[in-house]
Amino acid sequence: MLPPAIPKQIAAGFAHHPAPVRKRLLQIRKLIFAVAAETDGVGVLTETLKWGEPAYLTAASGSGTTIRLGATKSAPDRCAVFVNCQTSLIDGFRAQFGDLFGYEGSRALLTPATGPLPAVPLSLCLRAALTWHRRKVQGRKTQGDRTRP
């Protein structure tokens with residue numbers, strides 16, 4: 001599935017990055033839309049700017065947390081996939097994928113701007129973010145069921 005055309009204001013969010021970073025971020029954008037399209041319950045994504053950076057929300061379904069694309073001050077030559085730092089997503093990615101990605105605290109997964117994109121592992125990370133709220137609610141229901149007599 002092809003992602004939608006990039007709205008002018010979103011294009012401006014990509015434009016301030018150096019060419020290699022911009023190219024990789026656009027690849028990740030395409031992957032976000034592909035993962036959303038193939039994941040039940042995610043629905044249509046809302047593409048907007050947050051802090052001047054492209055961001056992807058599951059506003060229609062409420063299934064996930066916001067994914068934002070950019071670079072960090074500490075690694076401006078790498079691409080950052082930001083998620084809400086109040087989630088445990090980055091800790092889970094770190095546990096599952098170790099050194100395959102870089103990480104910044106509990107807020108960003110980092111990938112090089114050049115070389116092969118680890119599309120399959122990154123897709124798993126994106127799917128986890130796009131379904132974060134849905135899985136969190138299901139987890140509470142499951143825990144609640146276990147505590148009932």
# chains A, B, ... in the order shown; residues from 1 in each chain; ligands from 1

$ residues_around --residues "Pro18 in chain A" --least-positions-apart "5" --cutoff "10 Å" --atoms "only C-alpha atoms" --output "list in words"
Lys23, Pro76, Asp77 and Ala113 of chain A

$ write_last_selection --atoms "N, CA, C and O atoms" --output "PDB file, in the first residue's frame"
ATOM      1  N   LYS A  23      15.648  11.123   3.818  1.00  0.00           N
ATOM      2  CA  LYS A  23      15.310   9.961   2.996  1.00  0.00           C
ATOM      3  C   LYS A  23      14.902   8.772   3.876  1.00  0.00           C
ATOM      4  O   LYS A  23      13.904   8.099   3.600  1.00  0.00           O
ATOM      5  N   PRO A  76      22.241  13.704  15.734  1.00  0.00           N
ATOM      6  CA  PRO A  76      21.542  14.348  14.612  1.00  0.00           C
ATOM      7  C   PRO A  76      21.722  13.641  13.273  1.00  0.00           C
ATOM      8  O   PRO A  76      20.975  13.911  12.338  1.00  0.00           O
ATOM      9  N   ASP A  77      22.679  12.717  13.186  1.00  0.00           N
ATOM     10  CA  ASP A  77      22.903  11.974  11.943  1.00  0.00           C
ATOM     11  C   ASP A  77      22.174  10.636  11.921  1.00  0.00           C
ATOM     12  O   ASP A  77      22.322   9.855  10.991  1.00  0.00           O
ATOM     13  N   ALA A 113      20.913   6.524   9.372  1.00  0.00           N
ATOM     14  CA  ALA A 113      20.269   7.152   8.217  1.00  0.00           C
ATOM     15  C   ALA A 113      20.643   6.458   6.914  1.00  0.00           C
ATOM     16  O   ALA A 113      19.963   6.638   5.909  1.00  0.00           O
TER      17      ALA A 113
END

$ residues_around --residues "Ala11 in chain A" --least-positions-apart "2" --cutoff "10 Å" --atoms "only C-alpha atoms" --output "MDAnalysis selection string"
chainID A and resid 5:9 13:16 22 26 49 53:54

$ write_last_selection --atoms "N, CA, C and O atoms" --output "PDB file, in the first residue's frame"
ATOM      1  N   ALA A   5      -0.210  11.086  -0.062  1.00  0.00           N
ATOM      2  CA  ALA A   5       0.691  12.181  -0.427  1.00  0.00           C
ATOM      3  C   ALA A   5       1.040  12.959   0.840  1.00  0.00           C
ATOM      4  O   ALA A   5       0.234  13.051   1.769  1.00  0.00           O
ATOM      5  N   ILE A   6       2.239  13.501   0.854  1.00  0.00           N
ATOM      6  CA  ILE A   6       2.692  14.232   2.038  1.00  0.00           C
ATOM      7  C   ILE A   6       2.118  15.648   2.002  1.00  0.00           C
ATOM      8  O   ILE A   6       2.392  16.401   1.069  1.00  0.00           O
ATOM      9  N   PRO A   7       1.323  16.000   3.014  1.00  0.00           N
ATOM     10  CA  PRO A   7       0.812  17.369   3.073  1.00  0.00           C
ATOM     11  C   PRO A   7       1.965  18.373   3.180  1.00  0.00           C
ATOM     12  O   PRO A   7       3.021  18.070   3.734  1.00  0.00           O
ATOM     13  N   LYS A   8       1.733  19.568   2.661  1.00  0.00           N
ATOM     14  CA  LYS A   8       2.777  20.596   2.592  1.00  0.00           C
ATOM     15  C   LYS A   8       3.402  20.875   3.960  1.00  0.00           C
ATOM     16  O   LYS A   8       4.624  20.960   4.087  1.00  0.00           O
ATOM     17  N   GLN A   9       2.587  21.012   5.004  1.00  0.00           N
ATOM     18  CA  GLN A   9       3.128  21.322   6.320  1.00  0.00           C
ATOM     19  C   GLN A   9       3.950  20.160   6.880  1.00  0.00           C
ATOM     20  O   GLN A   9       4.930  20.378   7.591  1.00  0.00           O
ATOM     21  N   GLY A  13       8.265  19.587   7.853  1.00  0.00           N
ATOM     22  CA  GLY A  13       8.858  18.909   9.003  1.00  0.00           C
ATOM     23  C   GLY A  13       9.996  17.982   8.617  1.00  0.00           C
ATOM     24  O   GLY A  13      10.943  17.788   9.376  1.00  0.00           O
ATOM     25  N   PHE A  14       9.917  17.408   7.429  1.00  0.00           N
ATOM     26  CA  PHE A  14      10.997  16.556   6.935  1.00  0.00           C
ATOM     27  C   PHE A  14      12.135  17.389   6.334  1.00  0.00           C
ATOM     28  O   PHE A  14      13.296  17.001   6.387  1.00  0.00           O
ATOM     29  N   ALA A  15      11.792  18.524   5.766  1.00  0.00           N
ATOM     30  CA  ALA A  15      12.740  19.311   4.969  1.00  0.00           C
ATOM     31  C   ALA A  15      13.936  19.839   5.738  1.00  0.00           C
ATOM     32  O   ALA A  15      15.000  20.032   5.159  1.00  0.00           O
ATOM     33  N   HIS A  16      13.800  20.059   7.036  1.00  0.00           N
ATOM     34  CA  HIS A  16      14.923  20.645   7.767  1.00  0.00           C
ATOM     35  C   HIS A  16      16.016  19.631   8.132  1.00  0.00           C
ATOM     36  O   HIS A  16      17.038  20.008   8.678  1.00  0.00           O
ATOM     37  N   ARG A  22      16.505  12.666   6.039  1.00  0.00           N
ATOM     38  CA  ARG A  22      15.189  12.891   5.447  1.00  0.00           C
ATOM     39  C   ARG A  22      14.740  11.667   4.638  1.00  0.00           C
ATOM     40  O   ARG A  22      13.607  11.201   4.765  1.00  0.00           O
ATOM     41  N   LEU A  26      11.525   9.303   5.568  1.00  0.00           N
ATOM     42  CA  LEU A  26      10.433   9.070   4.617  1.00  0.00           C
ATOM     43  C   LEU A  26      10.189   7.573   4.411  1.00  0.00           C
ATOM     44  O   LEU A  26       9.037   7.145   4.231  1.00  0.00           O
ATOM     45  N   LEU A  49       1.907  17.633  12.750  1.00  0.00           N
ATOM     46  CA  LEU A  49       3.210  18.043  13.283  1.00  0.00           C
ATOM     47  C   LEU A  49       3.084  18.201  14.788  1.00  0.00           C
ATOM     48  O   LEU A  49       2.105  18.764  15.282  1.00  0.00           O
ATOM     49  N   GLU A  53       7.750  18.348  14.138  1.00  0.00           N
ATOM     50  CA  GLU A  53       8.167  17.066  13.550  1.00  0.00           C
ATOM     51  C   GLU A  53       6.937  16.253  13.143  1.00  0.00           C
ATOM     52  O   GLU A  53       5.904  16.305  13.821  1.00  0.00           O
ATOM     53  N   PRO A  54       7.055  15.486  12.055  1.00  0.00           N
ATOM     54  CA  PRO A  54       5.933  14.640  11.629  1.00  0.00           C
ATOM     55  C   PRO A  54       5.538  13.662  12.732  1.00  0.00           C
ATOM     56  O   PRO A  54       6.399  13.030  13.361  1.00  0.00           O
TER      57      PRO A  54
END

$ select_by_dssp --residues "range 55-135 of chain A" --states "strand (DSSP E or B)" --output "list in words"
Ala55, Tyr56, Leu57, Ile67, Arg68, Leu69, Gly70, Arg78, Cys79, Ala80, Val81, Phe82, Gly102, Tyr103, Glu104, Ala108, Leu109, Leu110, Thr111 and Pro112 of chain A

$ closest_residue --among "A:Ala12, A:Gln27, A:Ala34, A:Thr131" --to "Leu117 in chain A" --atoms "only C-alpha atoms"
A:Gln27

$ residues_around --residues "Gly92 in chain A" --least-positions-apart "4" --cutoff "10 Å" --atoms "only C-alpha atoms" --output "list in words"
Thr87, Ser88, Gln96, Phe97, Gly98, Ser106, Cys125 and Ala128 of chain A

$ select_by_dssp --residues "range 2-136 of chain A" --states "alpha helix (DSSP H)" --output "MDAnalysis selection string"
chainID A and resid 8:15 19:38 89:97 119:130 132:136

$ residues_around --residues "Ala55 in chain A" --least-positions-apart "4" --cutoff "10 Å" --atoms "only C-alpha atoms" --output "PyMOL selection string"
chain A and resi 10+13+29+45-51+66-70+81-83

$ residues_around --residues "Ser61 in chain A" --least-positions-apart "6" --cutoff "9 Å" --atoms "only C-alpha atoms" --output "CSV table (one decimal) with all heavy atoms, in the first residue's frame"
chain,number,residue,atom,x,y,z
A,41,GLY,N,-7.7,-3.1,13.7
A,41,GLY,CA,-8.0,-2.2,14.8
A,41,GLY,C,-7.3,-0.9,14.9
A,41,GLY,O,-7.7,0.0,15.7
A,42,VAL,N,-6.3,-0.7,14.0
A,42,VAL,CA,-5.6,0.6,14.0
A,42,VAL,C,-6.4,1.7,13.3
A,42,VAL,O,-6.5,2.8,13.8
A,42,VAL,CB,-4.2,0.5,13.5
A,42,VAL,CG1,-3.5,1.8,13.3
A,42,VAL,CG2,-3.3,-0.4,14.3
A,43,GLY,N,-6.9,1.4,12.2
A,43,GLY,CA,-7.7,2.4,11.4
A,43,GLY,C,-6.8,3.4,10.7
A,43,GLY,O,-5.6,3.3,10.6
A,44,VAL,N,-7.5,4.5,10.3
A,44,VAL,CA,-6.9,5.6,9.6
A,44,VAL,C,-6.0,6.3,10.5
A,44,VAL,O,-6.3,6.6,11.7
A,44,VAL,CB,-8.0,6.5,9.0
A,44,VAL,CG1,-7.4,7.7,8.3
A,44,VAL,CG2,-8.9,5.7,8.1
A,45,LEU,N,-4.8,6.7,10.1
A,45,LEU,CA,-3.9,7.5,10.8
A,45,LEU,C,-4.1,9.0,10.6
A,45,LEU,O,-4.5,9.4,9.5
A,45,LEU,CB,-2.4,7.2,10.5
A,45,LEU,CG,-1.9,5.8,10.8
A,45,LEU,CD1,-0.4,5.6,10.4
A,45,LEU,CD2,-2.1,5.4,12.3

$ residues_around --residues "Gly62 in chain A" --least-positions-apart "4" --cutoff "8 Å" --atoms "only C-alpha atoms" --output "number ranges by chain"
A: 42, 58, 133-134

$ closest_residue --among "A:Ser63, A:Ser74, A:Thr39, A:Asn84" --to "Arg107 in chain A" --atoms "only C-alpha atoms"
A:Asn84

$ residues_around --residues "Ser123 in chain A" --least-positions-apart "2" --cutoff "8 Å" --atoms "only C-alpha atoms" --output "PyMOL selection string"
chain A and resi 31-32+35+119-121+125-127

$ atom_distance --atom1 "CA of Leu25 in chain A" --atom2 "CA of Gly52 in chain A"
14.2 Å

$ atom_distance --atom1 "CA of Gly64 in chain A" --atom2 "CA of Gly115 in chain A"
28.8 Å
